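> Input file: upload-v3.txt. Contents: compact mmCIF, C-alpha atoms.
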# COMPACT_ATOMS: atom_id res chain seq x y z
CA MET A 190 8.00 -11.53 28.58
CA THR A 191 11.12 -10.56 30.50
CA GLY A 192 11.73 -8.31 33.52
CA ASN A 193 10.41 -8.27 37.05
CA PRO A 194 6.65 -8.54 37.74
CA PRO A 195 5.99 -4.78 38.08
CA GLU A 196 7.69 -4.19 34.74
CA GLN A 197 5.70 -7.02 33.14
CA LEU A 198 2.44 -5.64 34.51
CA GLN A 199 3.22 -2.13 33.31
CA ARG A 200 4.19 -3.35 29.83
CA ALA A 201 1.05 -5.47 29.46
CA HIS A 202 -1.15 -2.64 30.73
CA GLY A 203 0.46 -0.28 28.24
CA MET A 204 -0.34 -2.60 25.35
CA VAL A 205 -4.00 -2.78 26.41
CA ILE A 206 -4.25 1.01 26.74
CA ALA A 207 -2.68 1.51 23.32
CA MET A 208 -5.20 -0.83 21.70
CA LEU A 209 -8.17 0.87 23.33
CA PHE A 210 -6.87 4.31 22.44
CA ALA A 211 -6.14 3.45 18.81
CA ASP A 212 -9.61 2.08 18.18
CA ARG A 213 -11.39 5.34 19.02
CA GLN A 214 -11.84 8.70 17.35
CA PRO A 215 -10.66 11.84 19.20
CA THR A 216 -14.28 12.93 19.67
CA GLN A 217 -14.87 9.79 21.73
CA LEU A 218 -12.00 10.36 24.15
CA THR A 219 -12.38 11.71 27.67
CA GLU A 220 -9.99 13.04 30.29
CA THR A 221 -10.01 9.58 31.90
CA ASP A 222 -8.65 8.07 28.68
CA LEU A 223 -5.74 10.51 28.73
CA VAL A 224 -5.09 9.91 32.43
CA ASP A 225 -4.81 6.18 31.71
CA LEU A 226 -1.84 6.90 29.45
CA ILE A 227 0.21 8.63 32.19
CA GLY A 228 3.24 6.65 33.22
CA VAL A 229 2.20 3.77 30.98
CA GLU A 230 2.24 4.47 27.26
CA PRO A 231 5.45 6.12 25.96
CA GLU A 232 5.91 8.09 22.79
CA GLY A 233 6.76 5.98 19.78
CA LYS A 234 5.50 4.96 16.40
CA SER A 235 1.85 5.82 17.02
CA LEU A 236 1.90 8.42 19.83
CA ASP A 237 3.56 11.81 20.31
CA TYR A 238 2.99 14.11 23.29
CA LYS A 239 3.31 17.91 23.28
CA ARG A 240 3.14 20.02 26.43
CA ASP A 241 2.00 23.06 24.45
CA SER A 242 0.15 23.57 21.22
CA VAL A 243 2.01 24.62 18.07
CA GLY A 244 3.78 27.94 18.47
CA SER A 245 3.59 30.84 16.07
CA THR A 246 7.20 30.72 14.84
CA ASP A 247 8.10 29.14 11.51
CA ALA A 248 10.27 26.59 13.31
CA ASP A 249 7.33 25.52 15.49
CA LYS A 250 5.06 25.13 12.47
CA LYS A 251 7.63 23.09 10.56
CA GLU A 252 8.10 20.76 13.52
CA PHE A 253 4.35 20.17 13.68
CA LEU A 254 4.20 19.44 9.94
CA TYR A 255 7.14 17.04 10.22
CA ASP A 256 5.30 15.17 12.99
CA ALA A 257 2.00 15.03 11.12
CA SER A 258 3.51 13.92 7.81
CA SER A 259 5.60 11.25 9.58
CA PHE A 260 2.41 9.61 10.87
CA ALA A 261 0.71 9.75 7.45
CA ASN A 262 3.78 8.29 5.72
CA SER A 263 3.98 5.44 8.26
CA GLN A 264 1.21 3.63 10.16
CA GLY A 265 -0.80 6.59 11.40
CA GLY A 266 -1.08 7.76 14.99
CA TYR A 267 -2.01 10.45 17.50
CA LEU A 268 -0.64 13.83 18.50
CA VAL A 269 -1.68 14.78 22.04
CA PHE A 270 -1.31 18.48 22.87
CA GLY A 271 -1.41 19.52 26.51
CA MET A 272 0.36 16.44 27.89
CA ASP A 273 3.66 16.87 29.73
CA GLU A 274 6.21 14.07 29.35
CA THR A 275 9.53 13.00 30.82
CA ASN A 276 11.88 11.04 28.56
CA GLY A 277 8.95 10.27 26.30
CA LEU A 278 6.68 8.95 29.06
CA PRO A 279 3.53 11.04 29.78
CA SER A 280 3.57 12.46 33.27
CA GLN A 281 0.81 15.06 33.62
CA ILE A 282 -2.10 16.58 31.71
CA VAL A 283 -1.54 20.34 31.69
CA GLY A 284 -3.87 21.41 28.89
CA ILE A 285 -3.06 23.96 26.20
CA SER A 286 -2.73 27.66 26.92
CA ASN A 287 -5.08 28.77 24.13
CA PRO A 288 -8.43 29.66 25.76
CA ASP A 289 -10.32 28.73 22.57
CA PRO A 290 -9.41 25.13 21.64
CA ASP A 291 -11.88 25.03 18.73
CA LYS A 292 -10.14 28.01 17.14
CA GLU A 293 -6.80 26.31 17.72
CA ILE A 294 -8.04 23.16 15.99
CA LEU A 295 -9.03 25.21 12.94
CA ARG A 296 -5.56 26.78 12.89
CA LEU A 297 -3.79 23.42 13.05
CA GLU A 298 -5.93 21.84 10.35
CA GLN A 299 -5.48 24.84 8.08
CA LEU A 300 -1.72 24.58 8.59
CA LEU A 301 -1.90 20.92 7.54
CA ARG A 302 -3.82 21.78 4.38
CA SER A 303 -1.43 24.53 3.33
CA GLY A 304 1.90 23.07 4.43
CA ILE A 305 1.86 19.47 3.16
CA ARG A 306 1.50 18.10 -0.38
CA PRO A 307 -0.41 16.09 -1.31
CA ALA A 308 -2.87 17.04 1.39
CA ILE A 309 -3.35 14.49 4.16
CA SER A 310 -6.82 13.00 4.37
CA GLY A 311 -8.29 11.11 7.30
CA VAL A 312 -7.35 13.72 9.92
CA SER A 313 -9.70 14.09 12.87
CA THR A 314 -9.15 16.45 15.79
CA ALA A 315 -11.04 17.12 19.00
CA ALA A 316 -10.70 19.07 22.24
CA VAL A 317 -10.82 16.93 25.38
CA ARG A 318 -12.31 19.08 28.14
CA LEU A 319 -10.58 18.87 31.51
CA ALA A 320 -12.37 18.85 34.86
CA GLY A 321 -10.08 21.55 36.24
CA GLY A 322 -10.76 23.82 33.25
CA GLY A 323 -9.12 24.14 29.90
CA ALA A 324 -8.63 21.38 27.38
CA ALA A 325 -6.16 19.07 25.74
CA ILE A 326 -6.24 18.53 21.98
CA VAL A 327 -5.99 15.10 20.35
CA MET A 328 -5.29 14.84 16.61
CA ARG A 329 -5.59 11.47 14.88
CA ILE A 330 -3.75 11.11 11.57
CA ALA A 331 -4.65 8.00 9.61
CA LYS A 332 -2.15 5.96 7.62
CA SER A 333 -2.09 7.43 4.13
CA TRP A 334 -2.81 5.34 1.06
CA ASN A 335 -1.52 8.12 -1.18
CA PRO A 336 2.05 8.59 0.08
CA PRO A 337 4.55 10.10 0.28
CA HIS A 338 3.49 13.41 1.82
CA GLN A 339 6.05 16.19 1.64
CA VAL A 340 6.34 19.18 3.95
CA THR A 341 6.34 22.18 1.61
CA TYR A 342 5.97 24.99 4.16
CA GLN A 343 8.49 27.73 3.32
CA ASN A 344 9.88 25.50 0.57
CA VAL A 345 11.61 23.02 2.89
CA PHE A 346 10.50 20.05 0.72
CA ARG A 347 11.20 17.30 3.26
CA PHE A 348 9.77 13.82 3.73
CA TYR A 349 9.42 12.21 7.16
CA ALA A 350 8.40 8.76 8.42
CA ARG A 351 8.16 7.23 11.87
CA ASP A 352 9.43 4.26 13.85
CA SER A 353 9.48 3.30 17.54
CA ASN A 354 11.99 6.07 18.26
CA GLY A 355 9.87 8.81 16.72
CA LYS A 356 10.07 10.67 13.43
CA TYR A 357 13.03 10.61 11.07
CA MET A 358 13.81 12.06 7.64
CA ILE A 359 13.29 9.58 4.80
CA ASP A 360 16.42 8.79 2.80
CA VAL A 361 16.51 8.31 -0.96
CA ASP A 362 16.21 4.52 -0.90
CA GLU A 363 13.20 4.53 1.42
CA LEU A 364 11.59 7.35 -0.55
CA ARG A 365 11.90 5.25 -3.69
CA ALA A 366 10.16 2.37 -1.91
CA VAL A 367 7.31 4.64 -0.75
CA PHE A 368 6.77 5.92 -4.31
CA SER A 369 6.75 2.33 -5.51
CA LEU A 370 4.09 1.44 -2.93
CA SER A 371 1.91 4.32 -4.10
CA ALA A 372 2.19 3.17 -7.72
CA THR A 373 1.36 -0.39 -6.66
CA VAL A 374 -1.86 0.78 -4.99
CA ALA A 375 -2.95 2.58 -8.18
CA ASP A 376 -2.18 -0.47 -10.31
CA LYS A 377 -4.09 -2.76 -7.95
CA ILE A 378 -7.18 -0.53 -8.09
CA ARG A 379 -7.13 -0.35 -11.89
CA ASN A 380 -6.59 -4.09 -12.19
CA PHE A 381 -9.48 -4.70 -9.80
CA ARG A 382 -11.79 -2.72 -12.10
CA ILE A 383 -10.56 -4.54 -15.22
CA GLU A 384 -10.98 -7.97 -13.63
CA ARG A 385 -14.44 -7.21 -12.27
CA SER A 386 -15.59 -5.65 -15.56
CA ALA A 387 -14.52 -8.77 -17.44
CA ARG A 388 -16.54 -10.90 -15.03
CA ILE A 389 -19.58 -8.66 -15.49
CA GLU A 390 -19.28 -8.86 -19.27
CA GLY A 391 -19.01 -12.64 -19.05
CA GLY A 392 -22.07 -12.95 -16.84
CA ASP A 393 -20.04 -14.05 -13.81
CA THR A 394 -22.02 -11.89 -11.36
CA PRO A 395 -23.72 -12.55 -8.00
CA VAL A 396 -27.10 -12.50 -9.78
CA THR A 397 -28.35 -12.81 -13.35
CA LEU A 398 -28.88 -9.34 -14.82
CA LEU A 399 -31.62 -8.25 -17.19
CA ASP A 400 -30.64 -7.63 -20.80
CA GLY A 401 -29.41 -4.18 -21.79
CA GLY A 402 -26.35 -2.04 -21.38
CA VAL A 403 -24.69 -2.11 -17.98
CA LEU A 404 -23.38 0.71 -15.80
CA ALA A 405 -20.82 -0.48 -13.27
CA LEU A 406 -19.55 1.65 -10.40
CA HIS A 407 -16.55 0.56 -8.37
CA ILE A 408 -15.89 2.46 -5.15
CA VAL A 409 -12.48 1.40 -3.84
CA PRO A 410 -10.90 2.80 -0.67
CA PHE A 411 -7.12 2.63 -1.03
CA SER A 412 -7.08 0.50 2.13
CA ALA A 413 -9.14 -2.17 0.30
CA VAL A 414 -6.15 -3.22 -1.82
CA SER A 415 -3.71 -3.60 1.08
CA ILE A 416 -2.62 -7.02 2.31
CA GLY A 417 -4.89 -8.34 5.04
CA SER A 418 -7.53 -5.66 4.52
CA THR A 419 -10.76 -6.33 6.43
CA PHE A 420 -14.10 -4.55 6.60
CA PRO A 421 -16.99 -4.92 9.10
CA ILE A 422 -19.36 -6.84 6.82
CA GLN A 423 -21.58 -7.78 9.77
CA GLN A 424 -22.16 -4.10 10.55
CA ALA A 425 -22.87 -3.38 6.88
CA ALA A 426 -25.42 -6.20 6.81
CA GLY A 427 -27.03 -4.74 9.93
CA ASN A 428 -28.10 -1.72 7.86
CA PRO A 429 -28.15 -2.78 4.18
CA ASN A 430 -30.10 0.36 3.27
CA GLN A 431 -26.73 2.11 3.25
CA PHE A 432 -25.93 0.19 0.05
CA PRO A 433 -29.06 0.26 -2.13
CA THR A 434 -28.87 -0.84 -5.73
CA LEU A 435 -28.58 1.81 -8.45
CA LEU A 436 -31.79 3.87 -8.78
CA ASP A 437 -33.12 2.52 -5.48
CA THR A 438 -33.40 4.32 -2.14
CA HIS A 439 -33.29 1.21 0.05
CA ALA A 440 -32.24 -2.44 -0.02
CA ARG A 441 -34.98 -4.74 -1.22
CA ARG A 442 -33.18 -7.99 -0.49
CA HIS A 443 -29.75 -8.72 0.98
CA GLN A 444 -27.60 -11.70 1.83
CA ILE A 445 -24.15 -12.35 3.29
CA THR A 446 -22.11 -14.54 0.95
CA PHE A 447 -18.55 -15.82 0.74
CA ASP A 448 -17.53 -12.56 -1.00
CA GLY A 449 -19.30 -10.19 1.38
CA LEU A 450 -22.72 -8.51 1.37
CA THR A 451 -24.94 -8.74 -1.72
CA VAL A 452 -27.93 -6.42 -2.11
CA THR A 453 -30.38 -7.03 -4.97
CA SER A 454 -33.06 -4.93 -6.64
CA ASN A 455 -35.91 -7.48 -6.59
CA MET A 456 -37.80 -8.89 -3.64
CA ASP A 457 -37.55 -12.30 -5.30
CA GLY A 458 -34.07 -13.67 -4.97
CA PRO A 459 -31.97 -15.56 -7.49
CA PRO A 460 -32.35 -17.26 -9.90
CA LYS A 461 -34.85 -14.60 -10.96
CA PRO A 462 -33.03 -12.01 -13.15
CA GLN A 463 -32.35 -8.74 -11.37
CA ARG A 464 -32.22 -5.18 -12.64
CA ALA A 465 -29.29 -4.34 -10.38
CA TYR A 466 -27.11 -5.49 -7.50
CA THR A 467 -24.63 -4.02 -5.04
CA GLN A 468 -21.72 -6.14 -3.82
CA VAL A 469 -19.85 -4.98 -0.72
CA PHE A 470 -16.64 -6.99 -0.64
CA ARG A 471 -14.94 -8.08 2.55
CA THR A 472 -12.09 -5.70 1.77
CA GLY A 473 -14.41 -2.66 1.78
CA ALA A 474 -14.60 -2.23 -2.00
CA VAL A 475 -18.09 -1.76 -3.45
CA GLU A 476 -19.38 -2.87 -6.85
CA ALA A 477 -22.73 -1.42 -7.94
CA VAL A 478 -24.07 -2.73 -11.25
CA GLY A 479 -27.29 -1.83 -13.01
CA SER A 480 -28.72 -2.98 -16.36
CA SER A 481 -30.81 -0.73 -18.60
CA ILE A 482 -29.69 2.33 -16.63
CA ALA A 483 -30.52 5.77 -18.07
CA ARG A 484 -32.18 4.22 -21.11
CA GLY A 485 -34.34 6.09 -23.53
CA SER A 486 -36.30 4.40 -26.30
CA ASP A 487 -33.15 3.44 -28.18
CA GLY A 488 -30.22 4.86 -26.33
CA LEU A 489 -28.58 6.14 -23.14
CA ILE A 490 -29.15 9.67 -21.86
CA LEU A 491 -26.02 11.51 -20.71
CA PRO A 492 -27.53 13.60 -17.87
CA HIS A 493 -29.27 10.53 -16.42
CA LEU A 494 -25.98 8.65 -16.40
CA GLU A 495 -24.16 11.57 -14.80
CA ALA A 496 -26.81 11.96 -12.11
CA THR A 497 -26.67 8.25 -11.27
CA ILE A 498 -22.88 8.24 -10.98
CA ILE A 499 -22.85 11.36 -8.78
CA ARG A 500 -25.64 10.33 -6.43
CA TYR A 501 -24.55 6.76 -5.79
CA ALA A 502 -20.80 7.39 -5.67
CA ARG A 503 -21.48 9.93 -2.91
CA LEU A 504 -23.91 7.63 -1.11
CA TYR A 505 -21.55 4.63 -1.09
CA MET A 506 -18.56 6.72 -0.02
CA GLN A 507 -20.50 8.07 2.94
CA ALA A 508 -21.64 4.56 3.91
CA LEU A 509 -18.08 3.21 3.75
CA HIS A 510 -16.78 6.10 5.82
CA ARG A 511 -19.41 5.52 8.52
CA LEU A 512 -18.14 1.95 8.74
CA GLY A 513 -14.53 3.02 9.18
CA ALA A 514 -13.09 3.16 5.64
CA GLU A 515 -10.88 6.25 5.40
CA PRO A 516 -10.11 8.19 2.20
CA PRO A 517 -8.52 8.30 -0.29
CA ILE A 518 -11.28 6.54 -2.20
CA ALA A 519 -11.20 5.83 -5.94
CA ILE A 520 -14.38 6.03 -8.02
CA LEU A 521 -14.30 4.04 -11.26
CA ALA A 522 -17.26 3.99 -13.66
CA SER A 523 -17.63 1.70 -16.68
CA LEU A 524 -20.14 0.97 -19.42
CA THR A 525 -20.32 -2.56 -20.81
CA GLY A 526 -22.60 -4.31 -23.28
CA VAL A 527 -23.56 -1.01 -24.90
CA GLY A 528 -22.43 -1.73 -28.45
CA GLY A 529 -24.81 -0.16 -30.97
CA LEU A 530 -26.61 2.00 -28.44
CA ARG A 531 -26.71 5.76 -28.90
CA LEU A 532 -25.54 8.10 -26.12
CA LEU A 533 -27.73 11.21 -26.27
CA GLN A 534 -26.07 14.47 -25.25
CA ASP A 535 -29.10 15.85 -23.40
CA PHE A 536 -32.62 15.12 -22.23
CA LEU A 537 -35.17 14.21 -24.88
CA PRO A 538 -37.68 17.09 -25.16
CA GLN A 539 -41.34 16.13 -25.10
CA GLY A 540 -42.51 15.26 -28.58
CA ALA A 541 -38.99 15.06 -29.99
CA LEU A 542 -37.56 11.98 -31.68
CA SER A 543 -34.37 10.54 -30.24
CA VAL A 544 -32.96 10.04 -33.76
CA ASP A 545 -32.95 13.82 -34.18
CA MET A 546 -31.00 14.44 -30.95
CA PRO A 547 -27.22 15.04 -30.93
CA SER A 548 -25.58 11.76 -29.95
CA SER A 549 -22.82 9.26 -30.61
CA THR A 550 -23.21 5.57 -31.34
CA LEU A 551 -21.32 3.45 -28.84
CA LYS A 552 -19.04 0.65 -29.93
CA ASN A 553 -19.14 -2.95 -28.82
CA GLN A 554 -16.42 -2.50 -26.21
CA PRO A 555 -16.19 -1.68 -22.52
CA TYR A 556 -15.89 2.02 -21.76
CA HIS A 557 -13.65 2.44 -18.73
CA LEU A 558 -13.99 6.07 -17.67
CA VAL A 559 -11.04 7.80 -16.04
CA GLU A 560 -11.01 7.33 -12.28
CA SER A 561 -11.66 10.10 -9.76
CA ILE A 562 -9.85 10.14 -6.41
CA PHE A 563 -11.47 11.64 -3.30
CA GLU A 564 -9.19 12.79 -0.48
CA GLN A 565 -12.27 13.63 1.60
CA VAL A 566 -15.75 12.12 1.62
CA PRO A 567 -18.16 14.57 -0.06
CA ALA A 568 -20.92 15.94 2.15
CA ASP A 569 -23.41 16.44 -0.69
CA ASP A 570 -24.03 15.80 -4.38
CA ALA A 571 -22.65 19.16 -5.48
CA THR A 572 -19.31 18.43 -3.80
CA ALA A 573 -19.31 14.91 -5.24
CA ALA A 574 -19.91 16.27 -8.74
CA ARG A 575 -16.89 18.57 -8.50
CA GLY A 576 -14.73 15.67 -7.40
CA LEU A 577 -16.04 13.53 -10.28
CA ARG A 578 -15.33 16.17 -12.92
CA GLY A 579 -12.71 14.05 -14.72
CA THR A 580 -15.01 11.02 -14.88
CA LEU A 581 -17.98 13.05 -16.09
CA ASP A 582 -15.95 14.85 -18.75
CA HIS A 583 -14.71 11.50 -20.04
CA LEU A 584 -18.29 10.22 -20.24
CA ALA A 585 -19.27 13.35 -22.16
CA ASN A 586 -16.42 12.63 -24.59
CA ALA A 587 -18.12 9.33 -25.43
CA ALA A 588 -21.25 11.35 -26.33
CA GLY A 589 -19.22 13.57 -28.67
CA LEU A 590 -18.78 16.51 -26.29
CA ALA A 591 -15.52 18.15 -25.24
CA MET A 592 -16.64 18.15 -21.59
CA SER A 593 -19.69 17.70 -19.42
CA PRO A 594 -22.19 20.45 -20.29
CA TYR A 595 -23.44 20.74 -16.72
CA PHE A 596 -20.59 22.67 -15.07
CA ASP A 597 -20.48 26.46 -14.96
CA GLU A 598 -17.33 28.54 -15.34
CA ALA A 599 -16.68 28.36 -11.59
CA GLY A 600 -16.71 24.54 -11.71
CA ASN A 601 -20.08 24.18 -9.97
CA TYR A 602 -22.45 21.45 -11.15
CA THR A 603 -25.67 22.96 -12.50
CA LEU A 604 -27.85 19.92 -13.15
CA LYS A 605 -30.40 19.46 -10.37
CA LEU A 606 -30.35 15.82 -9.37
Have the structure of the file written as structure tokens, please.


Amino acid sequence: MTGNPPEQLQRAHGMVIAMLFADRQPTQLTETDLVDLIGVEPEGKSLDYKRDSVGSTDADKKEFLYDASSFANSQGGYLVFGMDETNGLPSQIVGISNPDPDKEILRLEQLLRSGIRPAISGVSTAAVRLAGGGAAIVMRIAKSWNPPHQVTYQNVFRFYARDSNGKYMIDVDELRAVFSLSATVADKIRNFRIERSARIEGGDTPVTLLDGGVLALHIVPFSAVSIGSTFPIQQAAGNPNQFPTLLDTHARRHQITFDGLTVTSNMDGPPKPQRAYTQVFRTGAVEAVGSSIARGSDGLILPHLEATIIRYARLYMQALHRLGAEPPIAILASLTGVGGLRLLQDFLPQGALSVDMPSSTLKNQPYHLVESIFEQVPADDATAARGLRGTLDHLANAAGLAMSPYFDEAGNYTLKL
């Protein structure tokens, strides 16, 4: 470290403040946290200060969208509204002029949704109340795993990124590299599913599974396929009920292993065969596998399969998000070991024979259903079902249907789970 002692002390203090600030959500910040930034932490790659909130002119709105998209297309960061600065260094908390900060937050987030494509996920915003009255607004924009994000407001169609000097417009060569990164993420997720499915088919699983067809769900945050990705496995193990096995409501048995956290369906551990397991990998990806799922007397039942996929995809996404995994999140469902089984198109009425029900006979091959990508974590099963429409339609195709029969014309899921 160079410079005189006061400069060294200030630089070291600034690094500490930046680390503390970056590890917290806006809802956790207080006025004291903002005061600690004054005179210490300059604007740069992860911080941008605004004396006022976003104005009402088109130029003001575009500038805000350029800032927000630059964070998403780079390493993520914070916009702090209501902080005065001099030459990029925060000097005073002045608060925003809008008397209703909650209404202002809604306006800003709506502007983000309508002015940037694809929409940015992982945005969290909060008002920080000030002791002297009023409030500052802090907006955290996470690094995007689905870049690049383009500002489309008023058809400007511009891409921005960010470095230590602030935002800048992406040139053609860098834009090509960003597109390449996005394609690489998609390929890595698909390859992860193919590799894991092959292991499941070959019996290379954390536990021995019971005989019967297998449903495998892979829930993969885009961050899980990045270099050096880590996930708080210890926290996940502290509450394993967040990751029950398929068709369960809680974890019966769990264990931390070399690969991460393994949850099993039986109280008796291996080598006893298990009906199902959930593997939470150290990267944050989740693999949930169940044998004999949605089985009738001699086949699989489409609505049971759909309900299982919807319920547990939503449950695992919510658990991952609580532990810090941000969207986008890919949901990939597969059927393996189902050759010769029949996939019934609907429930079996009482007294009816399954052989008389509309169905298709499945082949001796893995069925890799089309993936569904969630830009936001669904709050409930109905929202999850809408986001899984592509996956569910593909499953219905395997049963001989053009699409899932459980969506109405408005796209709402009608099957009660």

> Show me as an NGL selection string the residues that reach within 9 Å of (-0.7, 18.5, 5.7), counting all atoms listed in the file and using the file's own coordinates.

:A and (254 or 257-258 or 298-310 or 338-341)

> Hey, could you make a per-residue contact list for region 398-511 of chain A against region 588-605 of chain A with 9 Å as the cut-off, showing the nearest pair of atoms and its distance in Å to one decimal, counting all atoms listed in the file, sorted by chain and number, as JSON lines?


{"residue": "A:Leu491", "atom": "CA", "partner": "A:Ala588", "partner_atom": "CA", "distance": 7.4}
{"residue": "A:Pro492", "atom": "CA", "partner": "A:Leu604", "partner_atom": "CA", "distance": 7.9}
{"residue": "A:Glu495", "atom": "CA", "partner": "A:Ser593", "partner_atom": "CA", "distance": 8.9}
{"residue": "A:Ala496", "atom": "CA", "partner": "A:Leu604", "partner_atom": "CA", "distance": 8.1}

> Restrict the selected residues to C-alpha atoms and save them as a short mmCIF file (atom, residue, chain, number, x, y, z; two decimals), in the coordinates of the input.


data_model
loop_
_atom_site.label_atom_id
_atom_site.label_comp_id
_atom_site.auth_asym_id
_atom_site.auth_seq_id
_atom_site.Cartn_x
_atom_site.Cartn_y
_atom_site.Cartn_z
CA LEU A 491 -26.02 11.51 -20.71
CA PRO A 492 -27.53 13.60 -17.87
CA GLU A 495 -24.16 11.57 -14.80
CA ALA A 496 -26.81 11.96 -12.11
#

> Which residues come within 10 Å of Ala573 (chain A), counting all atoms listed in the file, excluding same-chain residues fewer than 5 positions away, as a compact mmCIF listing (two decimals) with C-alpha atoms, in the coordinates of the input?


# COMPACT_ATOMS: atom_id res chain seq x y z
CA ILE A 498 -22.88 8.24 -10.98
CA ILE A 499 -22.85 11.36 -8.78
CA ARG A 500 -25.64 10.33 -6.43
CA TYR A 501 -24.55 6.76 -5.79
CA ALA A 502 -20.80 7.39 -5.67
CA ARG A 503 -21.48 9.93 -2.91
CA LEU A 504 -23.91 7.63 -1.11
CA MET A 506 -18.56 6.72 -0.02
CA PHE A 563 -11.47 11.64 -3.30
CA GLN A 565 -12.27 13.63 1.60
CA VAL A 566 -15.75 12.12 1.62
CA PRO A 567 -18.16 14.57 -0.06
CA ALA A 568 -20.92 15.94 2.15
CA ARG A 578 -15.33 16.17 -12.92
CA TYR A 602 -22.45 21.45 -11.15

> Which residues are near Ile383 (chain A)? Cut-off 10 Å, only C-alpha atoms, ignore same chain within fewer than 4 positions. Put them as number ranges by chain.

A: 377-379, 387-389, 523, 555, 557

> Nearest to Gly417 (chain A) among A:Arg347, A:Arg575, A:His493, A:Arg471, with distances taken over only C-alpha atoms: which residue is it?

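Looking at the shortest contact to Gly417 (chain A), the residue is A:Arg471.
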
> Give me, as a count of residues only, all polymer residues having an atom no more than 10 Å from region 430-447 of chain A, counting only C-alpha atoms and skipping those fewer than 4 positions away in the same chain.

44

> Draw an axis-aligned box tight on the listed atoms of region 319-328 of chain A, then pad every side by 4 Å and write out centre and edge lengths in Å to one decimal as AutoDock Vina command-line options.


--center_x -8.8 --center_y 19.5 --center_z 26.4 --size_x 15.1 --size_y 17.3 --size_z 27.6

> Quick one: residues within 8 Å of Gly284 (chain A), only C-alpha atoms counted, chain neighbours fewer than 5 positions away excluded, as a list in words?

Arg240, Asp241, Phe270, Gly271, Met272, Leu319, Gly323, Ala324, Ala325 and Ile326 of chain A

> One number please: CA of Pro517 (chain A) to CA of Leu494 (chain A), in Å, one decimal.

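One can read the CA of Pro517 (chain A) to CA of Leu494 (chain A) distance as 23.8 Å.
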
> Smallest atom-to-atom distance to Ala474 (chain A): which of A:Ser313, A:Thr550, A:Asn287, A:Ser415, using all atoms listed in the file?

A:Ser415

> Which residue is closest to Val396 (chain A)? Choose from A:Ala375, A:Pro421, A:Lys461, A:Gly513 and count all atoms listed in the file.

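Closest candidate: A:Lys461.
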
> Could you tell me how far CA of Val559 (chain A) sits from CA of His583 (chain A), in Å to one decimal place?

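The value is 6.6 Å.
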
> So, counting all atoms listed in the file, which residue among A:Gly321, A:Gly473, A:Pro337, A:Gly233 is closest to His407 (chain A)?

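Selected residue with least distance to His407 (chain A): A:Gly473.
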
> Using only C-alpha atoms, can you tell me which of A:Trp334, A:Asp256, A:Leu533, A:Arg385 comes closest to Ser369 (chain A)?

A:Trp334

> Figure out the distance between CA of Gly401 (chain A) and CA of Ala522 (chain A), please, to one decimal in Å.

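Distance between the two atoms: 16.7 Å.
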
> Pick out the closest residue to Glu390 (chain A) from this set: A:Ala315, A:Leu584, A:Val403, A:Val229. Count all atoms listed in the file.

A:Val403
